[in-house]
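Trainee: Take a look at the following structure, please.
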Amino acid sequence: MAELSALRDRGVRPRWDPRESPCIPVLTLEDRLVDMSLVELLHDADDVRSVESGTPGEKVAVIEFLLAICYASGTYPRSVAQWPAWVDQKDTLRPAAEWLTQRPEDEIWDLFHPMEPLGQNALLAPFLDEHGTGLAQLVIEQVGDYNQFFDHHHLEHPTPLPVAQAFRAMLTQHVYGPAGRARISGKETLGATITNLAAGRLGTRIRVIALGASLGETLRLNLAPVPGPPGELNRSWTAGQERRGFNAKPSGRPVAGPADLHSYLGRSILLRPTRAGDHVDRVLLGAGELLALTDEHLQDAVYVKKADGTSKPLWASASRAVWREAHALYAAVAEARSEAGGNDGGTLYRRLALFPAEDVAPEPGQQPARLIDLWTVGLVAKQTTAIKWVDGTFPFAPGLEAKLYLASYRGSDIAEFVAAALSKAAYAAWTVAYPNPKPTDKSAQIARFDAREHHWAATQESFDLLMEETTLGEDVHACLHEYAASVATAARRFLTERLDPLPRNSQGAKARAAALRRFDDELATAKAPAELWRETS
């Protein structure tokens, strides 16, 4: 890197250390937005409400890095039995802040260090000036397939990125980077396989994080006892353990502990600072580490069945919102609480089941004594292109998991049935409105009357209200009937609106009547969920 070499010769090499530089935007308990360094953030975690990064994925990436620091510093509960009480102990994360400030001088935390740049691969340095690109390639929301950029940022877009923002984007790439081909040339750099980008550790599934009333509580909820060594933090590609090469695709390496897991370097990245050192103006990005993950490393995952009957961790979908599978979260806790033979705390849900049910406020309408939000985040990608972030927040109170499961499962079932009724109603309208259709026009013609998209968009608000009322101890069956009535009424209105463009003649009136009659009949059949049938009977 010629520019950095010149700066070093003059003794003014840029330096940036996230331990002391404000780099993470947060919301305090007083609702103030401030930027904090890593040391400040961990020291004052119980005075911070939440991390306020620009995207759900970036927020997860920051939390992942904070968890890695906690594990590396030995800041975690020592046993499953200790975990519930440990979650409530404020200021227990301050040892992690002290650990950061007491790192030896040879443990480098400088983002721009020439030999061990934080979170980066210094082996890319000889190629950065010639092969590096604009910062669009670093930011997942700006990169399409690493060649085209869906927000119109060109590969060579010259605008530099503030260092703190580049740091957070780098963390996000490590855990969420989509699979694909890198722009870097393998023949001219480190080897042929550096162009082969594997999907990041969290890029193919939903990550579930338990959220507390403060960032401190959130971190403690997600820190688990460690049966063996916690492993070391992955500070830099050229520091610590031996890394892969790029002449051939390696097998995934074993995970050395949770500190290793939460800080793994999913990409080979190198950033070039501007002369002043307050921005980054160039990046080179290639393949990173591959991990051999087991169930032990998927403690927050919930499994759902695929169409072929097999199970896999819940994944992000552009067409199926996460709330439609929320019952899987509650089922995991309910199953853990009901199991005989003790709870080993081996998953997030088994640890949540350790909280006693007596914590729940007994009177309907009252806030539970302990309220936790289960936050789900995923990245929707089409082949190699990142499409959008999806996330959802679902309330949880210890002891209410069975009722929350019932509400979420039935709520999803009701919404699914109403959607199917809307689809059949659209078909009924089409058969009357287009008596002699061309086969090639069928799909587009039916879509004119299909109100399912509006239904799904609107139903999430009703579902959230259903879950909130259930968490407050309201009668779940009464709540489900109110929810069913609301969803059915709204869906019929959406259908009516889709039918409005029909001509005001006899044929249009017949098509309109046929669609509404089919919709009403579907909701009144014996196959319909009982809550819907009663509302329409």
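Scheme for the structure tokens: letters A, B, ... for chains in order shown; per-chain residue numbers from 1; ligand numbers from 1 in order shown.
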Give me the residues near Pro14 of chain A as JSON, numbers by chain, where near means some atom within 8 Å (using only C-alpha atoms) and where sequence neighbours in that chain fewer than 5 positions away do not count.
Mentor: {"A": [7, 112, 273, 275, 276, 277]}
Trainee: Can you list, as a list in words, every protein, DNA or RNA residue that comes within 7 Å of segment 291-308 of chain A when you count only C-alpha atoms, leaving out same-chain residues fewer than 3 positions away?
Mentor: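 The neighbour list is Arg207, Val208, Gly252, Arg253, Pro254, Val255, Ser311, Lys312, Pro313, Leu314, Ala328, Leu329, Gly346, Thr347 and Leu348 of chain A.
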Trainee: Put those residues in a file: all heavy atoms, as a JSON list (two decimals), in the first residue's frame.
Mentor:
[["chain", "number", "residue", "atom", "x", "y", "z"],
["A", 207, "ARG", "N", -31.38, -15.63, 12.81],
["A", 207, "ARG", "CA", -30.70, -15.52, 14.10],
["A", 207, "ARG", "C", -31.71, -15.01, 15.12],
["A", 207, "ARG", "O", -32.43, -14.04, 14.85],
["A", 207, "ARG", "CB", -29.53, -14.53, 14.00],
["A", 207, "ARG", "CG", -28.84, -14.17, 15.34],
["A", 207, "ARG", "CD", -28.10, -15.35, 15.90],
["A", 207, "ARG", "NE", -27.07, -14.94, 16.85],
["A", 207, "ARG", "CZ", -27.13, -15.12, 18.17],
["A", 207, "ARG", "NH1", -28.21, -15.69, 18.70],
["A", 207, "ARG", "NH2", -26.13, -14.75, 18.94],
["A", 208, "VAL", "N", -31.79, -15.67, 16.26],
["A", 208, "VAL", "CA", -32.73, -15.28, 17.32],
["A", 208, "VAL", "C", -31.93, -14.74, 18.50],
["A", 208, "VAL", "O", -31.04, -15.43, 19.01],
["A", 208, "VAL", "CB", -33.61, -16.46, 17.78],
["A", 208, "VAL", "CG1", -34.63, -15.98, 18.81],
["A", 208, "VAL", "CG2", -34.31, -17.10, 16.59],
["A", 252, "GLY", "N", -14.15, -27.14, 6.52],
["A", 252, "GLY", "CA", -14.40, -26.23, 7.61],
["A", 252, "GLY", "C", -13.55, -26.60, 8.82],
["A", 252, "GLY", "O", -13.43, -27.77, 9.16],
["A", 253, "ARG", "N", -12.97, -25.60, 9.45],
["A", 253, "ARG", "CA", -12.13, -25.88, 10.62],
["A", 253, "ARG", "C", -12.99, -26.00, 11.87],
["A", 253, "ARG", "O", -14.07, -25.40, 11.97],
["A", 253, "ARG", "CB", -11.07, -24.79, 10.80],
["A", 253, "ARG", "CG", -11.61, -23.43, 11.21],
["A", 253, "ARG", "CD", -10.47, -22.54, 11.70],
["A", 253, "ARG", "NE", -10.91, -21.20, 12.04],
["A", 253, "ARG", "CZ", -11.48, -20.86, 13.19],
["A", 253, "ARG", "NH1", -11.72, -21.78, 14.11],
["A", 253, "ARG", "NH2", -11.83, -19.61, 13.43],
["A", 254, "PRO", "N", -12.54, -26.77, 12.86],
["A", 254, "PRO", "CA", -13.29, -26.89, 14.11],
["A", 254, "PRO", "C", -13.38, -25.55, 14.82],
["A", 254, "PRO", "O", -12.48, -24.71, 14.73],
["A", 254, "PRO", "CB", -12.47, -27.89, 14.93],
["A", 254, "PRO", "CG", -11.62, -28.61, 13.93],
["A", 254, "PRO", "CD", -11.34, -27.62, 12.85],
["A", 255, "VAL", "N", -14.48, -25.35, 15.54],
["A", 255, "VAL", "CA", -14.67, -24.12, 16.33],
["A", 255, "VAL", "C", -13.99, -24.31, 17.68],
["A", 255, "VAL", "O", -14.20, -25.32, 18.36],
["A", 255, "VAL", "CB", -16.17, -23.83, 16.52],
["A", 255, "VAL", "CG1", -16.37, -22.59, 17.38],
["A", 255, "VAL", "CG2", -16.83, -23.64, 15.16],
["A", 311, "SER", "N", -36.18, -31.31, 8.21],
["A", 311, "SER", "CA", -36.14, -30.10, 9.03],
["A", 311, "SER", "C", -34.84, -29.34, 8.81],
["A", 311, "SER", "O", -33.80, -29.94, 8.53],
["A", 311, "SER", "CB", -36.27, -30.47, 10.52],
["A", 311, "SER", "OG", -37.53, -31.05, 10.78],
["A", 312, "LYS", "N", -34.92, -28.04, 8.95],
["A", 312, "LYS", "CA", -33.73, -27.19, 8.87],
["A", 312, "LYS", "C", -33.98, -25.94, 9.70],
["A", 312, "LYS", "O", -35.13, -25.61, 10.01],
["A", 312, "LYS", "CB", -33.43, -26.82, 7.42],
["A", 312, "LYS", "CG", -34.50, -25.96, 6.75],
["A", 312, "LYS", "CD", -34.09, -25.52, 5.36],
["A", 312, "LYS", "CE", -33.02, -24.46, 5.40],
["A", 312, "LYS", "NZ", -32.74, -23.88, 4.07],
["A", 313, "PRO", "N", -32.91, -25.25, 10.10],
["A", 313, "PRO", "CA", -33.12, -24.01, 10.87],
["A", 313, "PRO", "C", -33.99, -23.03, 10.09],
["A", 313, "PRO", "O", -33.88, -22.91, 8.86],
["A", 313, "PRO", "CB", -31.70, -23.48, 11.05],
["A", 313, "PRO", "CG", -30.82, -24.69, 11.00],
["A", 313, "PRO", "CD", -31.49, -25.59, 9.99],
["A", 314, "LEU", "N", -34.87, -22.35, 10.80],
["A", 314, "LEU", "CA", -35.75, -21.36, 10.19],
["A", 314, "LEU", "C", -34.93, -20.38, 9.37],
["A", 314, "LEU", "O", -33.91, -19.87, 9.82],
["A", 314, "LEU", "CB", -36.52, -20.62, 11.29],
["A", 314, "LEU", "CG", -37.52, -19.54, 10.86],
["A", 314, "LEU", "CD1", -38.62, -20.14, 10.00],
["A", 314, "LEU", "CD2", -38.10, -18.86, 12.09],
["A", 328, "ALA", "N", -42.80, -21.68, 16.52],
["A", 328, "ALA", "CA", -41.65, -22.57, 16.72],
["A", 328, "ALA", "C", -40.78, -22.08, 17.88],
["A", 328, "ALA", "O", -40.17, -22.89, 18.58],
["A", 328, "ALA", "CB", -40.82, -22.65, 15.44],
["A", 329, "LEU", "N", -40.72, -20.77, 18.10],
["A", 329, "LEU", "CA", -39.94, -20.22, 19.21],
["A", 329, "LEU", "C", -40.54, -20.66, 20.55],
["A", 329, "LEU", "O", -39.83, -21.12, 21.44],
["A", 329, "LEU", "CB", -39.92, -18.69, 19.14],
["A", 329, "LEU", "CG", -39.36, -18.06, 17.86],
["A", 329, "LEU", "CD1", -39.58, -16.55, 17.89],
["A", 329, "LEU", "CD2", -37.89, -18.38, 17.70],
["A", 346, "GLY", "N", -28.67, -26.28, 27.21],
["A", 346, "GLY", "CA", -27.86, -26.36, 26.00],
["A", 346, "GLY", "C", -28.28, -25.46, 24.86],
["A", 346, "GLY", "O", -27.54, -25.31, 23.89],
["A", 347, "THR", "N", -29.47, -24.89, 24.93],
["A", 347, "THR", "CA", -29.92, -23.96, 23.90],
["A", 347, "THR", "C", -30.49, -22.72, 24.57],
["A", 347, "THR", "O", -30.76, -22.70, 25.77],
["A", 347, "THR", "CB", -31.02, -24.58, 23.01],
["A", 347, "THR", "OG1", -32.20, -24.77, 23.80],
["A", 347, "THR", "CG2", -30.58, -25.92, 22.43],
["A", 348, "LEU", "N", -30.68, -21.67, 23.78],
["A", 348, "LEU", "CA", -31.28, -20.45, 24.30],
["A", 348, "LEU", "C", -32.64, -20.75, 24.93],
["A", 348, "LEU", "O", -32.98, -20.23, 26.00],
["A", 348, "LEU", "CB", -31.44, -19.43, 23.16],
["A", 348, "LEU", "CG", -32.26, -18.17, 23.47],
["A", 348, "LEU", "CD1", -31.58, -17.34, 24.56],
["A", 348, "LEU", "CD2", -32.47, -17.35, 22.21]]
Trainee: So, with only C-alpha atoms as the atoms that count, which of A:Ala478, A:Leu284, A:Ala429, A:Ala68 lies closest to Ala259 of chain A?
Mentor: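 For Ala259 of chain A, the nearest of the given residues is A:Ala68.
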Trainee: Which residue out of A:Arg498, A:Leu516, A:Ser338, A:Tyr483 has the minimum interatomic distance to Lys424 of chain A when only C-alpha atoms are used?
Mentor: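 Result for the nearest residue to Lys424 of chain A: A:Leu516.
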Trainee: When you look at segment 79-92 of chain A with a cut-off of 6 Å (counting only C-alpha atoms), what residues show up, excluding the ones that are within fewer than 4 positions of it in the same chain? I need them as a PyMOL selection string.
Mentor: chain A and resi 220-221+225+345
Trainee: For Arg15 of chain A, find every residue with an atom within 12 Å (counting only C-alpha atoms), except residues of its own chain fewer than 4 positions away, and show them as a tab-separated table (two decimals) with N, CA, C and O atoms, in the first residue's frame.
Mentor:
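Saved as result.tsv:
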chain	number	residue	atom	x	y	z
A	4	LEU	N	0.06	4.24	2.42
A	4	LEU	CA	0.36	3.95	3.81
A	4	LEU	C	1.86	3.88	4.06
A	4	LEU	O	2.34	4.31	5.10
A	7	LEU	N	3.06	7.38	4.42
A	7	LEU	CA	2.67	7.94	5.71
A	7	LEU	C	3.52	7.37	6.84
A	7	LEU	O	3.91	8.09	7.76
A	8	ARG	N	3.81	6.06	6.76
A	8	ARG	CA	4.64	5.46	7.81
A	8	ARG	C	6.04	6.06	7.81
A	8	ARG	O	6.64	6.28	8.84
A	11	GLY	N	6.09	8.93	9.75
A	11	GLY	CA	5.72	8.72	11.15
A	11	GLY	C	4.32	9.15	11.49
A	11	GLY	O	4.02	9.42	12.65
A	20	GLU	N	-11.36	2.75	22.03
A	20	GLU	CA	-11.33	4.11	22.54
A	20	GLU	C	-12.03	5.12	21.64
A	20	GLU	O	-12.31	6.24	22.05
A	21	SER	N	-12.31	4.74	20.40
A	21	SER	CA	-12.98	5.64	19.46
A	21	SER	C	-14.48	5.37	19.45
A	21	SER	O	-14.90	4.21	19.33
A	108	ILE	N	-2.82	-6.19	19.18
A	108	ILE	CA	-3.13	-4.96	18.42
A	108	ILE	C	-4.62	-4.88	18.10
A	108	ILE	O	-5.21	-5.86	17.62
A	109	TRP	N	-5.19	-3.70	18.34
A	109	TRP	CA	-6.59	-3.44	18.05
A	109	TRP	C	-6.76	-2.29	17.06
A	109	TRP	O	-7.80	-1.64	17.00
A	110	ASP	N	-5.75	-2.04	16.29
A	110	ASP	CA	-5.73	-0.92	15.34
A	110	ASP	C	-6.31	-1.38	14.00
A	110	ASP	O	-5.82	-2.33	13.40
A	111	LEU	N	-7.33	-0.69	13.54
A	111	LEU	CA	-7.98	-1.05	12.28
A	111	LEU	C	-7.03	-0.88	11.09
A	111	LEU	O	-7.20	-1.54	10.06
A	112	PHE	N	-6.01	-0.02	11.23
A	112	PHE	CA	-5.12	0.26	10.11
A	112	PHE	C	-3.69	-0.20	10.34
A	112	PHE	O	-2.76	0.27	9.71
A	113	HIS	N	-3.49	-1.13	11.25
A	113	HIS	CA	-2.15	-1.63	11.49
A	113	HIS	C	-1.64	-2.35	10.23
A	113	HIS	O	-2.38	-3.11	9.60
A	114	PRO	N	-0.38	-2.14	9.85
A	114	PRO	CA	0.11	-2.72	8.59
A	114	PRO	C	0.27	-4.24	8.63
A	114	PRO	O	0.20	-4.90	7.58
A	117	PRO	N	-4.08	-5.78	11.01
A	117	PRO	CA	-5.24	-4.88	11.05
A	117	PRO	C	-6.46	-5.58	11.65
A	117	PRO	O	-6.76	-6.73	11.30
A	118	LEU	N	-7.15	-4.91	12.55
A	118	LEU	CA	-8.27	-5.51	13.26
A	118	LEU	C	-9.34	-6.01	12.30
A	118	LEU	O	-9.85	-5.27	11.46
A	163	VAL	N	-14.87	5.97	9.22
A	163	VAL	CA	-14.21	4.77	9.72
A	163	VAL	C	-15.15	3.92	10.58
A	163	VAL	O	-15.20	2.69	10.42
A	272	ARG	N	-8.49	0.60	3.19
A	272	ARG	CA	-7.47	1.63	3.04
A	272	ARG	C	-7.99	2.95	3.60
A	272	ARG	O	-9.03	3.44	3.15
A	273	PRO	N	-7.29	3.52	4.57
A	273	PRO	CA	-7.75	4.80	5.13
A	273	PRO	C	-7.39	5.96	4.23
A	273	PRO	O	-6.45	5.90	3.43
A	274	THR	N	-8.13	7.06	4.38
A	274	THR	CA	-7.74	8.30	3.73
A	274	THR	C	-6.52	8.86	4.44
A	274	THR	O	-6.11	8.39	5.50
A	275	ARG	N	-5.96	9.90	3.87
A	275	ARG	CA	-4.74	10.48	4.45
A	275	ARG	C	-4.99	10.96	5.88
A	275	ARG	O	-4.13	10.80	6.75
A	276	ALA	N	-6.17	11.51	6.13
A	276	ALA	CA	-6.46	12.00	7.48
A	276	ALA	C	-6.78	10.87	8.45
A	276	ALA	O	-6.75	11.06	9.66
A	277	GLY	N	-7.13	9.71	7.92
A	277	GLY	CA	-7.41	8.56	8.78
A	277	GLY	C	-8.79	8.54	9.38
A	277	GLY	O	-9.09	7.67	10.21
A	278	ASP	N	-9.68	9.45	8.96
A	278	ASP	CA	-11.03	9.47	9.52
A	278	ASP	C	-12.06	8.82	8.60
A	278	ASP	O	-13.22	8.68	8.96
A	279	HIS	N	-11.63	8.44	7.40
A	279	HIS	CA	-12.49	7.75	6.44
A	279	HIS	C	-11.73	6.59	5.81
A	279	HIS	O	-10.50	6.51	5.91
A	280	VAL	N	-12.49	5.72	5.16
A	280	VAL	CA	-11.93	4.62	4.38
A	280	VAL	C	-12.34	4.85	2.93
A	280	VAL	O	-13.51	5.13	2.65
Trainee: If you count only C-alpha atoms, which residues fall within 8 Å of segment 214-217 of chain A, apart from same-chain ones fewer than 6 positions away, as number ranges by chain?
Mentor: A: 29, 42, 44-51, 87-88, 90-91, 93
Trainee: Just want the 9 Å neighbourhood of segment 390-395 of chain A, counted on only C-alpha atoms, with same-chain residues fewer than 5 positions away dropped. Output as a list in words.
Mentor: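 Non-adjacent residues within range: Pro56, Gly57, Ile206, Ala316, Ser317, Ala318, Ala321, Val322, Trp323, Ala326, Leu329, Leu371, Ile372, Asp373, Leu374, Trp375, Thr376, Val377, Gly378, Leu379, Val380, Leu404, Asp464, Met467, Glu468 and Thr471 of chain A.
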Trainee: Create the file for the chosen residues now, containing N, CA and C atoms and written as a short mmCIF file (atom, residue, chain, number, x, y, z; two decimals), in the first residue's frame.
Mentor:
data_model
loop_
_atom_site.label_atom_id
_atom_site.label_comp_id
_atom_site.auth_asym_id
_atom_site.auth_seq_id
_atom_site.Cartn_x
_atom_site.Cartn_y
_atom_site.Cartn_z
N PRO A 56 -30.94 -4.18 10.67
CA PRO A 56 -30.99 -5.29 11.63
C PRO A 56 -29.73 -6.15 11.59
N GLY A 57 -29.19 -6.39 10.40
CA GLY A 57 -28.00 -7.22 10.29
C GLY A 57 -26.79 -6.59 10.94
N ILE A 206 -32.26 -17.78 10.23
CA ILE A 206 -32.73 -16.73 11.13
C ILE A 206 -31.90 -16.78 12.42
N ALA A 316 -34.77 -17.04 6.33
CA ALA A 316 -35.44 -15.82 5.88
C ALA A 316 -36.07 -16.04 4.52
N SER A 317 -37.26 -15.48 4.33
CA SER A 317 -37.98 -15.64 3.08
C SER A 317 -38.61 -14.31 2.67
N ALA A 318 -38.54 -14.01 1.38
CA ALA A 318 -39.15 -12.79 0.89
C ALA A 318 -40.67 -12.91 0.83
N ALA A 321 -43.30 -14.16 5.88
CA ALA A 321 -42.79 -13.38 7.02
C ALA A 321 -42.49 -14.29 8.20
N VAL A 322 -41.53 -13.88 9.02
CA VAL A 322 -41.09 -14.70 10.15
C VAL A 322 -42.22 -14.94 11.14
N TRP A 323 -43.13 -13.97 11.30
CA TRP A 323 -44.18 -14.12 12.32
C TRP A 323 -45.05 -15.34 12.05
N ALA A 326 -43.60 -18.02 14.15
CA ALA A 326 -43.23 -17.63 15.52
C ALA A 326 -43.54 -18.73 16.53
N LEU A 329 -40.72 -20.77 18.10
CA LEU A 329 -39.94 -20.22 19.21
C LEU A 329 -40.54 -20.66 20.55
N LEU A 371 -40.36 -9.70 31.24
CA LEU A 371 -40.78 -9.69 29.83
C LEU A 371 -39.54 -9.64 28.96
N ILE A 372 -39.43 -10.59 28.07
CA ILE A 372 -38.30 -10.71 27.16
C ILE A 372 -38.84 -10.71 25.73
N ASP A 373 -38.17 -10.02 24.85
CA ASP A 373 -38.52 -10.06 23.44
C ASP A 373 -37.58 -11.00 22.71
N LEU A 374 -38.14 -11.85 21.86
CA LEU A 374 -37.35 -12.72 21.00
C LEU A 374 -37.27 -12.06 19.64
N TRP A 375 -36.07 -11.59 19.31
CA TRP A 375 -35.85 -10.81 18.08
C TRP A 375 -35.25 -11.72 17.02
N THR A 376 -35.92 -11.81 15.88
CA THR A 376 -35.48 -12.68 14.79
C THR A 376 -34.99 -11.83 13.63
N VAL A 377 -33.83 -12.19 13.09
CA VAL A 377 -33.23 -11.42 12.00
C VAL A 377 -32.70 -12.38 10.95
N GLY A 378 -32.96 -12.07 9.69
CA GLY A 378 -32.42 -12.88 8.60
C GLY A 378 -32.19 -12.03 7.37
N LEU A 379 -31.37 -12.53 6.48
CA LEU A 379 -31.07 -11.85 5.21
C LEU A 379 -31.65 -12.68 4.07
N VAL A 380 -32.52 -12.05 3.29
CA VAL A 380 -33.08 -12.70 2.11
C VAL A 380 -32.11 -12.49 0.95
N LEU A 404 -48.66 -18.72 24.59
CA LEU A 404 -48.10 -17.98 23.47
C LEU A 404 -47.96 -18.88 22.25
N ASP A 464 -49.42 -9.10 15.99
CA ASP A 464 -48.64 -8.50 17.07
C ASP A 464 -49.53 -8.15 18.26
N MET A 467 -50.43 -11.30 20.19
CA MET A 467 -49.34 -11.78 21.04
C MET A 467 -49.16 -10.87 22.26
N GLU A 468 -49.34 -9.59 22.07
CA GLU A 468 -49.21 -8.65 23.19
C GLU A 468 -50.29 -8.91 24.24
N THR A 471 -49.57 -12.07 26.15
CA THR A 471 -48.49 -11.86 27.12
C THR A 471 -48.98 -11.15 28.36
#
Trainee: At a cut-off of 12 Å, using only C-alpha atoms, what residues contact Arg282 of chain A? Leave out same-chain residues fewer than 5 positions from it and give the result as a ChimeraX atom specification.
Mentor: /A:1,3,125,127-138,155-163,166,269-275
Trainee: Output N, CA, C and O atoms for every residue in the selection just made, as a compact mmCIF listing (two decimals), in the first residue's frame.
Mentor:
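Ended up saving to out.txt:
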# COMPACT_ATOMS: atom_id res chain seq x y z
N MET A 1 0.86 -1.19 0.00
CA MET A 1 0.00 0.00 0.00
C MET A 1 0.89 1.23 0.00
O MET A 1 1.43 1.65 1.03
N GLU A 3 0.45 4.47 -0.38
CA GLU A 3 0.08 5.64 0.42
C GLU A 3 0.39 5.42 1.89
O GLU A 3 0.96 6.29 2.56
N ALA A 125 -2.55 -6.74 1.40
CA ALA A 125 -1.97 -5.40 1.28
C ALA A 125 -1.25 -5.14 -0.05
O ALA A 125 -1.43 -4.07 -0.64
N PHE A 127 -1.95 -5.96 -2.87
CA PHE A 127 -2.87 -5.91 -4.01
C PHE A 127 -3.95 -4.85 -3.87
O PHE A 127 -4.76 -4.66 -4.77
N LEU A 128 -3.96 -4.16 -2.73
CA LEU A 128 -5.08 -3.27 -2.45
C LEU A 128 -5.16 -2.09 -3.41
O LEU A 128 -6.24 -1.77 -3.93
N ASP A 129 -4.05 -1.42 -3.67
CA ASP A 129 -4.09 -0.24 -4.54
C ASP A 129 -4.52 -0.59 -5.96
O ASP A 129 -5.29 0.13 -6.59
N GLU A 130 -4.04 -1.73 -6.47
CA GLU A 130 -4.35 -2.10 -7.85
C GLU A 130 -5.71 -2.75 -8.00
O GLU A 130 -6.44 -2.49 -8.96
N HIS A 131 -6.08 -3.60 -7.05
CA HIS A 131 -7.30 -4.40 -7.19
C HIS A 131 -8.45 -3.93 -6.30
O HIS A 131 -9.56 -4.45 -6.42
N GLY A 132 -8.20 -3.01 -5.40
CA GLY A 132 -9.26 -2.55 -4.51
C GLY A 132 -10.37 -1.83 -5.26
O GLY A 132 -10.19 -1.37 -6.38
N THR A 133 -11.52 -1.73 -4.60
CA THR A 133 -12.69 -1.09 -5.21
C THR A 133 -13.23 -0.02 -4.26
O THR A 133 -12.73 0.17 -3.15
N GLY A 134 -14.28 0.66 -4.73
CA GLY A 134 -14.96 1.61 -3.87
C GLY A 134 -15.65 0.91 -2.71
O GLY A 134 -15.79 -0.32 -2.69
N LEU A 135 -16.12 1.70 -1.76
CA LEU A 135 -16.66 1.14 -0.51
C LEU A 135 -18.02 0.49 -0.69
O LEU A 135 -18.52 -0.15 0.24
N ALA A 136 -18.65 0.63 -1.86
CA ALA A 136 -19.95 -0.02 -2.08
C ALA A 136 -19.84 -1.52 -1.88
O ALA A 136 -20.79 -2.17 -1.44
N GLN A 137 -18.68 -2.09 -2.20
CA GLN A 137 -18.53 -3.54 -2.09
C GLN A 137 -18.54 -4.02 -0.64
O GLN A 137 -18.87 -5.16 -0.37
N LEU A 138 -18.22 -3.14 0.29
CA LEU A 138 -18.16 -3.53 1.70
C LEU A 138 -19.54 -3.58 2.34
O LEU A 138 -19.78 -4.40 3.22
N LEU A 155 -19.29 0.17 -8.70
CA LEU A 155 -18.14 -0.49 -8.10
C LEU A 155 -17.05 0.50 -7.72
O LEU A 155 -16.39 0.35 -6.70
N GLU A 156 -16.87 1.52 -8.54
CA GLU A 156 -15.81 2.50 -8.29
C GLU A 156 -16.36 3.79 -7.68
O GLU A 156 -15.74 4.84 -7.80
N HIS A 157 -17.52 3.73 -7.04
CA HIS A 157 -18.09 4.92 -6.41
C HIS A 157 -17.04 5.53 -5.49
O HIS A 157 -16.54 4.88 -4.57
N PRO A 158 -16.68 6.81 -5.69
CA PRO A 158 -15.51 7.36 -5.01
C PRO A 158 -15.76 7.86 -3.58
O PRO A 158 -14.80 8.18 -2.88
N THR A 159 -17.00 7.96 -3.15
CA THR A 159 -17.27 8.54 -1.84
C THR A 159 -16.69 7.68 -0.73
O THR A 159 -17.05 6.51 -0.61
N PRO A 160 -15.81 8.23 0.10
CA PRO A 160 -15.27 7.44 1.22
C PRO A 160 -16.30 7.25 2.31
O PRO A 160 -17.31 7.95 2.37
N LEU A 161 -16.03 6.30 3.19
CA LEU A 161 -16.94 5.93 4.27
C LEU A 161 -16.30 6.30 5.60
O LEU A 161 -15.11 6.02 5.81
N PRO A 162 -17.05 6.93 6.53
CA PRO A 162 -16.48 7.18 7.86
C PRO A 162 -15.97 5.88 8.47
O PRO A 162 -16.55 4.81 8.29
N VAL A 163 -14.87 5.97 9.22
CA VAL A 163 -14.21 4.77 9.72
C VAL A 163 -15.15 3.92 10.58
O VAL A 163 -15.20 2.69 10.42
N ALA A 166 -17.47 2.03 8.41
CA ALA A 166 -16.77 0.95 7.71
C ALA A 166 -16.48 -0.22 8.65
O ALA A 166 -16.57 -1.39 8.26
N ILE A 269 -10.82 -9.27 4.27
CA ILE A 269 -11.12 -7.87 3.97
C ILE A 269 -9.88 -7.04 4.28
O ILE A 269 -9.16 -7.34 5.24
N LEU A 270 -9.63 -6.02 3.49
CA LEU A 270 -8.62 -5.03 3.84
C LEU A 270 -9.12 -3.65 3.45
O LEU A 270 -9.61 -3.45 2.33
N LEU A 271 -9.04 -2.73 4.40
CA LEU A 271 -9.52 -1.36 4.22
C LEU A 271 -8.34 -0.41 4.05
O LEU A 271 -7.32 -0.56 4.72
N ARG A 272 -8.49 0.60 3.19
CA ARG A 272 -7.47 1.63 3.04
C ARG A 272 -7.99 2.95 3.60
O ARG A 272 -9.03 3.44 3.15
N PRO A 273 -7.29 3.52 4.57
CA PRO A 273 -7.75 4.80 5.13
C PRO A 273 -7.39 5.96 4.23
O PRO A 273 -6.45 5.90 3.43
N THR A 274 -8.13 7.06 4.38
CA THR A 274 -7.74 8.30 3.73
C THR A 274 -6.52 8.86 4.44
O THR A 274 -6.11 8.39 5.50
N ARG A 275 -5.96 9.90 3.87
CA ARG A 275 -4.74 10.48 4.45
C ARG A 275 -4.99 10.96 5.88
O ARG A 275 -4.13 10.80 6.75
Trainee: Using only C-alpha atoms for the distances, tell me which of A:Val175, A:Leu123, A:Ala332, A:Leu352 is nearest to Phe246 of chain A.
Mentor: A:Leu123
Trainee: Just checking: using only C-alpha atoms, which residue out of A:Ile140, A:Trp315, A:Gly240, A:Asp281 ends up closest to Arg205 of chain A?
Mentor: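 Smallest distance to Arg205 of chain A is found for A:Trp315.
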Trainee: Residues of segment 16-194 of chain A in helix (DSSP H, G or I) according to DSSP, as a PyMOL selection string?
Mentor: chain A and resi 38-43+45-47+56-72+83-87+94-101+122-131+135-137+140-142+163-176+192-194
Trainee: Could you please write out, as a list in words, every residue of segment 184-300 of chain A that DSSP assigns to strand (DSSP E or B)?
Mentor: Asn196, Leu197, Arg207, Val208, Ile209, Ala210, Leu211, Arg253, Arg267, Ser268, Ile269, Leu270, Leu271, Arg272, Pro273, His279, Val280, Asp281, Arg282, Val283, Leu284, Leu285, Gly286, Ala287 and Leu291 of chain A
